[in-house]
Protein chains: 4
Amino acid sequence: MDLLPSASNWGIEDMYAIVKKKRAPGAEVTEVATPKIRRSEVLVKVKTASICGTDVHIWDWNEWAQERIKNIPLIFGHEFCGEVVEAGSDVTSVEVGDFVSAETHIVDGTCYQCQTDRMHVCRNIQILGVDRDGVFAEYVVLPERNAWKNDPKLDPAVASIQEPLGNAVQTALPKNHVEDIAGKNVAVLGCGPIGLMAIAVVKKLGAAKVFATAGGLNKVRMELAKKMGADMVLSAKDAGRNMTQTILDETYSNGVDVALEMSGSPAALNQAFEILTPGGRVSLLGLFDMPVKLDFNNAMIFKAAAVYGISGRRMFQTWHQVKGLLSDKEFRDKIASVITHKFPMKSVEEGIELISSKKAAKVVLEPRW
Amino acid sequence: MDLLPSASNWGIEDMYAIVKKKRAPGAEVTEVATPKIRRSEVLVKVKTASICGTDVHIWDWNEWAQERIKNIPLIFGHEFCGEVVEAGSDVTSVEVGDFVSAETHIVDGTCYQCQTDRMHVCRNIQILGVDRDGVFAEYVVLPERNAWKNDPKLDPAVASIQEPLGNAVQTALPKNHVEDIAGKNVAVLGCGPIGLMAIAVVKKLGAAKVFATAGGLNKVRMELAKKMGADMVLSAKDAGRNMTQTILDETYSNGVDVALEMSGSPAALNQAFEILTPGGRVSLLGLFDMPVKLDFNNAMIFKAAAVYGISGRRMFQTWHQVKGLLSDKEFRDKIASVITHKFPMKSVEEGIELISSKKAAKVVLEPRW
Amino acid sequence: MDLLPSASNWGIEDMYAIVKKKRAPGAEVTEVATPKIRRSEVLVKVKTASICGTDVHIWDWNEWAQERIKNIPLIFGHEFCGEVVEAGSDVTSVEVGDFVSAETHIVDGTCYQCQTDRMHVCRNIQILGVDRDGVFAEYVVLPERNAWKNDPKLDPAVASIQEPLGNAVQTALPKNHVEDIAGKNVAVLGCGPIGLMAIAVVKKLGAAKVFATAGGLNKVRMELAKKMGADMVLSAKDAGRNMTQTILDETYSNGVDVALEMSGSPAALNQAFEILTPGGRVSLLGLFDMPVKLDFNNAMIFKAAAVYGISGRRMFQTWHQVKGLLSDKEFRDKIASVITHKFPMKSVEEGIELISSKKAAKVVLEPRW
Amino acid sequence: MDLLPSASNWGIEDMYAIVKKKRAPGAEVTEVATPKIRRSEVLVKVKTASICGTDVHIWDWNEWAQERIKNIPLIFGHEFCGEVVEAGSDVTSVEVGDFVSAETHIVDGTCYQCQTDRMHVCRNIQILGVDRDGVFAEYVVLPERNAWKNDPKLDPAVASIQEPLGNAVQTALPKNHVEDIAGKNVAVLGCGPIGLMAIAVVKKLGAAKVFATAGGLNKVRMELAKKMGADMVLSAKDAGRNMTQTILDETYSNGVDVALEMSGSPAALNQAFEILTPGGRVSLLGLFDMPVKLDFNNAMIFKAAAVYGISGRRMFQTWHQVKGLLSDKEFRDKIASVITHKFPMKSVEEGIELISSKKAAKVVLEPRW
């Protein structure tokens with residue numbers, strides 16, 4: 001599989017895109033050449049895109065971005081949907097006219113991980129909008145295998161956020177045969193967009209009581225947490241140490257069967273284990289700013305805890321699950337309500353600011369330039 | 001553990017019970033002595049009972065019953081709830097006044113199966129109302145370990161049918177499998193009471209499309225199947241061979257990810273595999289009248305199918321799951337609606353007739369004598 | 001993925017091959033053109049091949065073959081190893097000079113099964129030597145993804161039989177997380193080549209007692225079963241119904257934890273369930289000549305048995321496992337000893353006769369023409 | 001279940017025991033009354049005992065012991081085997097004359113954990129020799145359920161160390177995981193007695209390459225690691241940071257599929273994740289002296305690692321597995337060779353000193369007073 005970014009293929013400058021031109025904060029809305037596809041790729045006209053925390057890091061040019069981004073200039077953005085307008089000669093499973101979203105992890109298909117049912121941690125992974133040109137543009141090139149065909153009737157805004165929804169599903173169901181949600185008590189620590197979606201997911205999978213916790217007192221997100229189906233929304237600001245006691249009280253002192261850490265906060269990490277029932281399960285999705293100190297004896301060992309690191313989404317198990325879950329209107333509406341703002345793509349900066357200040361949950365961009 | 005039936009303990013005749021007195025069809029409503037408990041047992045005053053297919057077999061004195069029932073006279077019935085009125089001296093986890101239901105499988109706790117997390121198939125199992133006196137009476141004796149404490153506010157009729165609901169959960173989740181239901185397509189073959197509850201269960205666990213199939217054109221049950229959440233209810237009478245085609249058409253030709261056989265019909269068994277996606281899963285709960293011929297090559301082997309025999313309920317994983325699932329009012333109401341009739345206990349025969357003729361789904365008995 | 005057979009690419013007739021030219025028993029050793037590769041394929045010079053039961057069916061032109069084989073003329077054979085002598089322009093993970101074997105299932109990579117970690121039951125599967133030209137030839141074409149790189153030092157005869165060894169591993173470990181072999185009792189029903197290898201595999205995975213059963217009194221195979229590590233080898237001829245009793249007696253009446261059905265005999269299928277401990281597991285690999293009658297109630301349902309149909313090998317989990325297991329000399333030697341005969345390739349008929357008469361276990365062919 | 005220690009039952013002082021009499025270092029060899037059993041208990045005459053690290057902590061009266069030990073005077077010690085000499089009136093599964101070892105975790109059988117197949121983390125657990133009188137004595141009282149019947153022919157020294165061997169099995173197979181060991185590469189970090197046994201266990205379960213790592217250059221233990229079957233034994237002293245590189249080099253840069261942390265060293269914890277293949281598994285058995293700082297992003301999250309805390313042994317799955325594994329003479333001999341010293345029980349101090357100084361691996365005590 002040929003994984004080079006398509007930037008070198010640019011010819012005449014005839015489409016709009018949001019391009020990171022310098023290794024510095026910000027990006028430019030500018031005209032570039034429409035990219036050319038290779039035999040195994042498709043060209044997709046972007047219908048809707050959405051902003052991920054990663055895009056904010058790239059915009060801000062934080063430490064992570066400085067180290068991770070190799071190719072500048074870069075069109076960033078990776079959550080989206082659009083219409084296939086051209087297909088390479090080797091492409092067989094997607095057609096011009098198909099309404100697609102993108103699995104954003106481009107894998108080699110031949111490494112040990114790809115050969116053993118975990119290609120989401122492929123050893124030579126490339127990420128759309130990070131390692132090659134992304135979706136904040138009029139057109140984007142996708143490898144055939146990364147084009148996920150949507151139901152033509154799916155709301156484009158929802159279609160665009162299926163990729164992070166897949167992360168929420170992966171956090172809920174990290175391996176096969178996780179029955180610890182059905183009829184059980186679950187805590188979701190962190191009410192960012194994926195945390196919010198995870199609340200809706202575990203409720204949809206039959207969780208009994210769902211506790212959502214937030215670090216601060218962000219009204220927008222706490223209200224959304226309720227809307228997603230959380231039985232109790234607890235703020236660290238309010239509840240402090242009593243948060244643990246509250247959750248134990250509400251679970252016959254058993255604690256939760258599953259804790260999903262979606263915040264990247266060291267305090268939440270510690271708390272995830274405090275509220276966990278012995279023999280319970282923790283999923284870790286939130287990234288931490290630095291190494292975290294943990295009392296492994298009490299947190300994991302004496303508790304016989306099972307802990308799963310979450311990276312990406314199983315390909316394409318989670319996409320099929322997302323499709324199935326979204327076939328339920330009530331669930332689809334919940335997920336749609338995580339989208340708090342829509343902007344024309346050229347106003348991307350506005351969206352990024354709202355996310356940075358946590359005034360928005362999910363921001364969707366539409367291809368108006 | 002001392003597993004002898006308590007019948008020998010009867011003293012003065014001072015309670016009503018439905019007693020199978022002869023190895024022949026029928027049973028008598030009669031007075032017997034209130035049973036005495038042993039140190040590790042509790043005495044429970046019956047509040048509500050319900051009729052299982054097994055009770056119909058015992059009443060009818062069919063081949064299975066003739067072979068299986070050892071101790072006559074026998075008070076039969078095993079689904080119920082009631083109040084603990086006396087507790088043996090060794091009992092620590094249940095108290096007088098507790099509102100309990102019964103896990104009906106009494107296990108030895110020491111055999112290979114009990115020691116390896118599958119006591120529901122204990123080698124020396126005894127079943128309430130089959131091997132020892134059951135619940136169609138004013139009082140019943142339970143081993144401490146078999147008394148499941150209910151939420152005091154739970155509707156007694158629902159509390160009584162938690163045991164078969166646990167079977168539905170076990171059929172849906174035979175081992176640690178929730179992933180194959182979440183967002184996936186499921187077929188439930190057979191719309192008897194447990195089949196109906198299984199429809200509600202898999203919907204509650206996030207199934208995408210649920211197909212319910214019935215052998216005949218029983219209106220009551222087909223309407224209940226819809227109410228439980230089935231997306232499509234298909235009758236073999238109507239659809240015949242096209243049933244398979246219909247299900248394939250509705251699933252992009254993939255077939256269902258999971259098929260739950262709840263009917264005991266050889267035709268349904270064969271069909272379960274026809275509609276199954278390769279690599280999918282089948283659970284078998286329905287009992288067959290005789291050996292069944294199956295094309296194992298195409299049904300199981302080429303399809304790499306996983307097949308699980310369902311016997312009882314995992315103890316007590318399913319009870320905790322049932323409790324958690326019933327904490328949702330919408331689900332609780334669905335389950336309650338499977339109860340189509342209520343009778344005084346002395347009118348048990350009427351209930352049995354309604355079940356035999358499939359005019360009822362679940363029949364509840366109340367202790368009026 | 002382009003899945004057409006390469007036969008149409010034949011040019012000048014310059015290599016030897018065993019070609020099925022007519023839809024009738026037998027085949028011809030003849031000269032044909034060396035096949036040409038496409039961009040994503042490699043050309044491999046055959047070093048060693050081996051005969052599978054499937055090859056015998058194709059030779060005999062039995063009912064299965066008549067229905068299954070579409071393309072005649074066909075070079076058959078699929079178990080092999082050889083050296084890559086040419087690689088297509090899109091090939092990146094294999095190089096000229098690599099010593100490879102073949103995963104014989106060629107998959108589309110895009111169907112539901114391929115996208116959900118079970119490509120071994122791909123909906124558009126093509127099999128080497130069945131649906132496209134195989135390995136009983138001087139050269140064979142493989143898709144890049146189907147070329148498995150061997151340790152250059154691996155004995156070619158062993159390298160050739162890794163594909164059926166992978167079947168044995170798949171039968172032992174059909175899904176993830178099957179711990180029921182470690183320290184547990186296992187029965188292998190059927191002592192054909194894959195059955196024999198399965199005995200060695202389960203012993204290698206820590207099985208306690210292993211019972212091997214054979215239908216007849218085939219001395220070669222029964223002695224090989226012992227050599228593979230079977231603690232007890234039982235012949236149906238000798239033991240009859242007492243076989244079940246013997247196994248129960250040897251397992252404290254618990255029965256075996258795992259039964260691997262490798263024979264395709266209805267009697268063995270029934271017996272697999274009779275000797276199974278409640279809650280145990282059965283894998284079905286052997287193909288049956290016709291539908292089989294089974295008492296599902298007692299066999300599967302009351303026993304809460306888990307049953308797995310085995311088709312192919314998980315790709316490429318089993319190949320990695322085979323590689324790891326073969327790194328142990330003792331195991332490698334055991335596997336090598338399943339090879340009872342070696343012939344020049346032109347003498348394929350002799351090998352096929354020995355297998356048909358069960359005088360051989362595994363027969364290896366060397367490229368002498 | 002009545003869980004009070006039996007100490008209060010002591011009558012006349014007529015047996016020898018090693019008694020912790022004061023909340024201070026050391027213990028006394030002294031005479032005490034033979035304990036009396038209750039209805040559900042058995043009295044066992046100690047045949048062989050062995051010293052666990054926990055016993056060293058109790059002897060040393062370290063911080064953990066000061067906080068954990070409630071009942072003084074206390075007979076400590078928990079690993080052992082012996083003969084049943086008296087059985088309570090409610091006991092049915094064990095008889096006088098049985099040769100037994102002890103599952104040392106005494107559970108209530110009624111809490112959420114006990115009811116959901118994880119009684120090894122029972123909420124009201126009591127540990128033999130910690131919470132109630134243990135086995136460094138002539139006689140010990142066991143609840144019936146905790147008496148594990150051994151094969152009468154099993155070497156008493158090996159019978160005594162089955163309990164820590166069960167820990168090794170639990171670390172290897174924390175849930176139903178055998179697949180990630182079969183044919184896969186495994187690292188065992190830490191060569192104490194349980195680490196050594198874990199090496200033998202994973203080899204027995206079909207591991208390909210096994211890497212054993214030690215903090216220091218302890219010759220006794222490093223040679224035992226080889227004897228257990230380690231393919232490579234690496235000392236941090238020798239190899240330092242290159243240990244990681246060495247292991248990557250030996251695994252085609254994939255790293256190990258499974259890392260078992262048995263040392264309680266923060267450096268080893270970090271290393272376990274460095275050498276882990278993405279999507280791999282870590283088990284944590286070793287206890288840490290204090291909270292440990294870990295880069296969770298790189299260690300667990302980006303790697304999609306699965307991490308299992310290990311506490312005790314699954315009851316009684318691991319005992320059955322241990323029994324099965326020990327049925328193989330080669331494995332039994334390996335396990336026996338972990339026993340480096342035998343002393344009369346009265347010389348317990350000598351054994352404790354040898355363990356503290358790491359001059360011994362496992363020390364066995366015989367009832368000579």
# chains A, B, ... in the order shown; residues from 1 in each chain; ligands from 1

call {"tool": "select_by_dssp", "arguments": {"residues": "range 73-193 of chain D", "states": "alpha helix (DSSP H)", "output": "NGL selection string"}}
result
:D and (112-115 or 156-160 or 162-172 or 193)

call {"tool": "write_last_selection", "arguments": {"atoms": "all heavy atoms", "output": "compact mmCIF listing (two decimals), in the first residue's frame"}}
result
# COMPACT_ATOMS: atom_id res chain seq x y z
N TYR D 112 -21.64 -9.40 45.94
CA TYR D 112 -21.76 -9.19 44.50
C TYR D 112 -20.64 -9.92 43.77
O TYR D 112 -20.87 -10.57 42.74
CB TYR D 112 -21.68 -7.68 44.21
CG TYR D 112 -21.82 -7.30 42.76
CD1 TYR D 112 -22.77 -7.90 41.94
CD2 TYR D 112 -21.01 -6.30 42.22
CE1 TYR D 112 -22.90 -7.52 40.61
CE2 TYR D 112 -21.14 -5.92 40.89
CZ TYR D 112 -22.08 -6.54 40.08
OH TYR D 112 -22.20 -6.18 38.77
N GLN D 113 -19.43 -9.85 44.28
CA GLN D 113 -18.30 -10.50 43.60
C GLN D 113 -18.48 -12.02 43.61
O GLN D 113 -18.26 -12.67 42.58
CB GLN D 113 -16.99 -10.08 44.28
CG GLN D 113 -16.37 -8.78 43.74
CD GLN D 113 -17.26 -7.55 43.84
OE1 GLN D 113 -18.05 -7.41 44.76
NE2 GLN D 113 -17.17 -6.65 42.87
N CYS D 114 -18.84 -12.59 44.75
CA CYS D 114 -19.04 -14.04 44.81
C CYS D 114 -20.16 -14.49 43.87
O CYS D 114 -20.11 -15.59 43.31
CB CYS D 114 -19.36 -14.47 46.24
SG CYS D 114 -17.91 -14.50 47.31
N GLN D 115 -21.16 -13.64 43.71
CA GLN D 115 -22.30 -14.02 42.87
C GLN D 115 -22.04 -13.82 41.38
O GLN D 115 -22.90 -14.14 40.55
CB GLN D 115 -23.52 -13.20 43.28
CG GLN D 115 -24.11 -13.66 44.60
CD GLN D 115 -25.46 -13.06 44.86
OE1 GLN D 115 -25.72 -11.93 44.47
NE2 GLN D 115 -26.33 -13.80 45.51
N PRO D 156 4.27 -34.21 48.70
CA PRO D 156 3.76 -33.19 49.63
C PRO D 156 4.41 -31.82 49.44
O PRO D 156 3.75 -30.79 49.59
CB PRO D 156 4.07 -33.76 51.01
CG PRO D 156 4.13 -35.23 50.80
CD PRO D 156 4.68 -35.43 49.41
N ALA D 157 5.68 -31.78 49.08
CA ALA D 157 6.33 -30.49 48.89
C ALA D 157 5.67 -29.73 47.74
O ALA D 157 5.41 -28.53 47.82
CB ALA D 157 7.82 -30.68 48.63
N VAL D 158 5.38 -30.45 46.65
CA VAL D 158 4.70 -29.83 45.51
C VAL D 158 3.26 -29.49 45.89
O VAL D 158 2.75 -28.41 45.56
CB VAL D 158 4.75 -30.75 44.28
CG1 VAL D 158 3.87 -30.20 43.15
CG2 VAL D 158 6.19 -30.92 43.79
N ALA D 159 2.61 -30.37 46.62
CA ALA D 159 1.23 -30.12 47.04
C ALA D 159 1.15 -28.82 47.83
O ALA D 159 0.18 -28.06 47.72
CB ALA D 159 0.71 -31.28 47.88
N SER D 160 2.18 -28.55 48.61
CA SER D 160 2.18 -27.36 49.46
C SER D 160 2.29 -26.07 48.65
O SER D 160 1.74 -25.04 49.04
CB SER D 160 3.34 -27.43 50.45
OG SER D 160 3.39 -26.29 51.26
N GLN D 162 1.12 -25.48 45.63
CA GLN D 162 0.10 -25.32 44.59
C GLN D 162 -0.60 -23.97 44.67
O GLN D 162 -1.07 -23.45 43.67
CB GLN D 162 -0.96 -26.41 44.70
CG GLN D 162 -0.51 -27.76 44.27
CD GLN D 162 -1.62 -28.79 44.47
OE1 GLN D 162 -2.26 -29.19 43.52
NE2 GLN D 162 -1.84 -29.19 45.71
N GLU D 163 -0.69 -23.44 45.88
CA GLU D 163 -1.39 -22.16 46.03
C GLU D 163 -0.65 -21.06 45.28
O GLU D 163 -1.24 -20.39 44.43
CB GLU D 163 -1.57 -21.87 47.54
CG GLU D 163 -2.55 -20.77 47.86
CD GLU D 163 -1.84 -19.46 48.22
OE1 GLU D 163 -0.67 -19.27 47.84
OE2 GLU D 163 -2.50 -18.62 48.87
N PRO D 164 0.66 -20.86 45.49
CA PRO D 164 1.35 -19.85 44.66
C PRO D 164 1.43 -20.26 43.19
O PRO D 164 1.42 -19.39 42.31
CB PRO D 164 2.74 -19.75 45.29
CG PRO D 164 2.89 -20.99 46.12
CD PRO D 164 1.53 -21.36 46.57
N LEU D 165 1.47 -21.55 42.90
CA LEU D 165 1.43 -21.98 41.49
C LEU D 165 0.11 -21.53 40.86
O LEU D 165 0.06 -21.10 39.70
CB LEU D 165 1.60 -23.50 41.41
CG LEU D 165 1.49 -24.14 40.02
CD1 LEU D 165 2.44 -23.50 39.01
CD2 LEU D 165 1.77 -25.65 40.11
N GLY D 166 -0.95 -21.57 41.64
CA GLY D 166 -2.24 -21.06 41.17
C GLY D 166 -2.16 -19.57 40.85
O GLY D 166 -2.77 -19.10 39.89
N ASN D 167 -1.39 -18.83 41.63
CA ASN D 167 -1.18 -17.41 41.32
C ASN D 167 -0.47 -17.24 39.98
O ASN D 167 -0.78 -16.34 39.20
CB ASN D 167 -0.31 -16.74 42.39
CG ASN D 167 -1.12 -16.36 43.60
OD1 ASN D 167 -1.25 -17.16 44.51
ND2 ASN D 167 -1.70 -15.18 43.58
N ALA D 168 0.50 -18.12 39.74
CA ALA D 168 1.21 -18.05 38.47
C ALA D 168 0.26 -18.33 37.31
O ALA D 168 0.28 -17.65 36.28
CB ALA D 168 2.38 -19.04 38.46
N VAL D 169 -0.62 -19.31 37.49
CA VAL D 169 -1.60 -19.64 36.45
C VAL D 169 -2.55 -18.45 36.25
O VAL D 169 -2.87 -18.07 35.12
CB VAL D 169 -2.38 -20.92 36.82
CG1 VAL D 169 -3.59 -21.10 35.91
CG2 VAL D 169 -1.46 -22.13 36.73
N GLN D 170 -2.98 -17.85 37.34
CA GLN D 170 -3.89 -16.71 37.26
C GLN D 170 -3.22 -15.53 36.54
O GLN D 170 -3.88 -14.81 35.79
CB GLN D 170 -4.32 -16.30 38.68
CG GLN D 170 -5.21 -15.07 38.78
CD GLN D 170 -6.62 -15.35 38.28
OE1 GLN D 170 -6.95 -16.45 37.88
NE2 GLN D 170 -7.43 -14.32 38.28
N THR D 171 -1.94 -15.34 36.78
CA THR D 171 -1.23 -14.25 36.10
C THR D 171 -1.13 -14.55 34.61
O THR D 171 -1.25 -13.65 33.77
CB THR D 171 0.18 -14.08 36.71
OG1 THR D 171 0.08 -14.09 38.13
CG2 THR D 171 0.81 -12.78 36.26
N ALA D 172 -0.92 -15.81 34.28
CA ALA D 172 -0.85 -16.19 32.86
C ALA D 172 -2.22 -16.12 32.20
O ALA D 172 -2.35 -15.68 31.07
CB ALA D 172 -0.28 -17.60 32.74
N PRO D 193 9.77 -16.70 43.40
CA PRO D 193 9.16 -18.02 43.23
C PRO D 193 7.97 -18.03 42.27
O PRO D 193 7.87 -18.92 41.43
CB PRO D 193 8.73 -18.38 44.66
CG PRO D 193 9.67 -17.62 45.54
CD PRO D 193 9.97 -16.35 44.82

call {"tool": "interface_residues", "arguments": {"of": "chain C", "to": "chain B", "cutoff": "9 Å", "atoms": "only C-alpha atoms", "output": "NGL selection string"}}
result
:C and (112-113 or 118 or 120-123 or 174 or 254 or 277-279 or 284-297 or 299-312)

call {"tool": "residues_around", "arguments": {"residues": "range 42-56 of chain C", "least_positions_apart": "4", "cutoff": "8 Å", "atoms": "only C-alpha atoms", "output": "PyMOL selection string"}}
result
chain C and resi 35-38+60+76-88+91+135-144+156-157+160-161+351-352+355-356+362-367

call {"tool": "atom_distance", "arguments": {"atom1": "CA of Lys184 in chain D", "atom2": "CA of Trp148 in chain C"}}
result
17.0 Å

call {"tool": "decode", "arguments": {"residues": "range 320-327 of chain D", "atoms": "all heavy atoms", "output": "mmCIF file, in the first residue's frame"}}
result
data_model
loop_
_atom_site.group_PDB
_atom_site.id
_atom_site.type_symbol
_atom_site.label_atom_id
_atom_site.label_comp_id
_atom_site.auth_asym_id
_atom_site.auth_seq_id
_atom_site.Cartn_x
_atom_site.Cartn_y
_atom_site.Cartn_z
ATOM 1 N N HIS D 320 -8.146 -26.499 39.395
ATOM 2 C CA HIS D 320 -8.317 -27.579 38.419
ATOM 3 C C HIS D 320 -7.224 -27.520 37.363
ATOM 4 O O HIS D 320 -6.691 -28.545 36.934
ATOM 5 C CB HIS D 320 -9.711 -27.490 37.776
ATOM 6 C CG HIS D 320 -10.817 -27.939 38.677
ATOM 7 N ND1 HIS D 320 -11.108 -29.256 38.885
ATOM 8 C CD2 HIS D 320 -11.673 -27.241 39.448
ATOM 9 C CE1 HIS D 320 -12.112 -29.359 39.752
ATOM 10 N NE2 HIS D 320 -12.480 -28.140 40.096
ATOM 11 N N GLN D 321 -6.871 -26.314 36.955
ATOM 12 C CA GLN D 321 -5.815 -26.179 35.951
ATOM 13 C C GLN D 321 -4.471 -26.643 36.510
ATOM 14 O O GLN D 321 -3.716 -27.346 35.844
ATOM 15 C CB GLN D 321 -5.729 -24.723 35.475
ATOM 16 C CG GLN D 321 -6.962 -24.328 34.664
ATOM 17 C CD GLN D 321 -6.988 -22.868 34.298
ATOM 18 O OE1 GLN D 321 -6.749 -22.007 35.134
ATOM 19 N NE2 GLN D 321 -7.301 -22.580 33.046
ATOM 20 N N VAL D 322 -4.196 -26.235 37.740
ATOM 21 C CA VAL D 322 -2.946 -26.658 38.385
ATOM 22 C C VAL D 322 -2.874 -28.181 38.444
ATOM 23 O O VAL D 322 -1.851 -28.789 38.129
ATOM 24 C CB VAL D 322 -2.835 -26.024 39.793
ATOM 25 C CG1 VAL D 322 -1.836 -26.777 40.667
ATOM 26 C CG2 VAL D 322 -2.446 -24.551 39.671
ATOM 27 N N LYS D 323 -3.985 -28.774 38.827
ATOM 28 C CA LYS D 323 -4.028 -30.243 38.906
ATOM 29 C C LYS D 323 -3.718 -30.872 37.553
ATOM 30 O O LYS D 323 -2.925 -31.811 37.446
ATOM 31 C CB LYS D 323 -5.419 -30.679 39.375
ATOM 32 C CG LYS D 323 -5.591 -32.171 39.531
ATOM 33 C CD LYS D 323 -6.994 -32.493 40.052
ATOM 34 C CE LYS D 323 -6.986 -33.860 40.727
ATOM 35 N NZ LYS D 323 -8.089 -33.991 41.684
ATOM 36 N N GLY D 324 -4.359 -30.341 36.521
ATOM 37 C CA GLY D 324 -4.131 -30.877 35.182
ATOM 38 C C GLY D 324 -2.687 -30.678 34.740
ATOM 39 O O GLY D 324 -2.053 -31.597 34.199
ATOM 40 N N LEU D 325 -2.159 -29.503 34.973
ATOM 41 C CA LEU D 325 -0.781 -29.226 34.541
ATOM 42 C C LEU D 325 0.201 -30.114 35.298
ATOM 43 O O LEU D 325 1.162 -30.621 34.724
ATOM 44 C CB LEU D 325 -0.447 -27.741 34.760
ATOM 45 C CG LEU D 325 -1.274 -26.760 33.911
ATOM 46 C CD1 LEU D 325 -0.989 -25.315 34.339
ATOM 47 C CD2 LEU D 325 -0.994 -26.932 32.416
ATOM 48 N N LEU D 326 -0.057 -30.321 36.590
ATOM 49 C CA LEU D 326 0.862 -31.130 37.393
ATOM 50 C C LEU D 326 0.776 -32.618 37.049
ATOM 51 O O LEU D 326 1.610 -33.404 37.500
ATOM 52 C CB LEU D 326 0.572 -30.941 38.887
ATOM 53 C CG LEU D 326 1.049 -29.627 39.513
ATOM 54 C CD1 LEU D 326 0.583 -29.538 40.959
ATOM 55 C CD2 LEU D 326 2.576 -29.483 39.443
ATOM 56 N N SER D 327 -0.205 -33.006 36.258
ATOM 57 C CA SER D 327 -0.275 -34.419 35.874
ATOM 58 C C SER D 327 0.869 -34.779 34.911
ATOM 59 O O SER D 327 1.124 -35.952 34.657
ATOM 60 C CB SER D 327 -1.637 -34.741 35.243
ATOM 61 O OG SER D 327 -1.756 -34.123 33.973
#
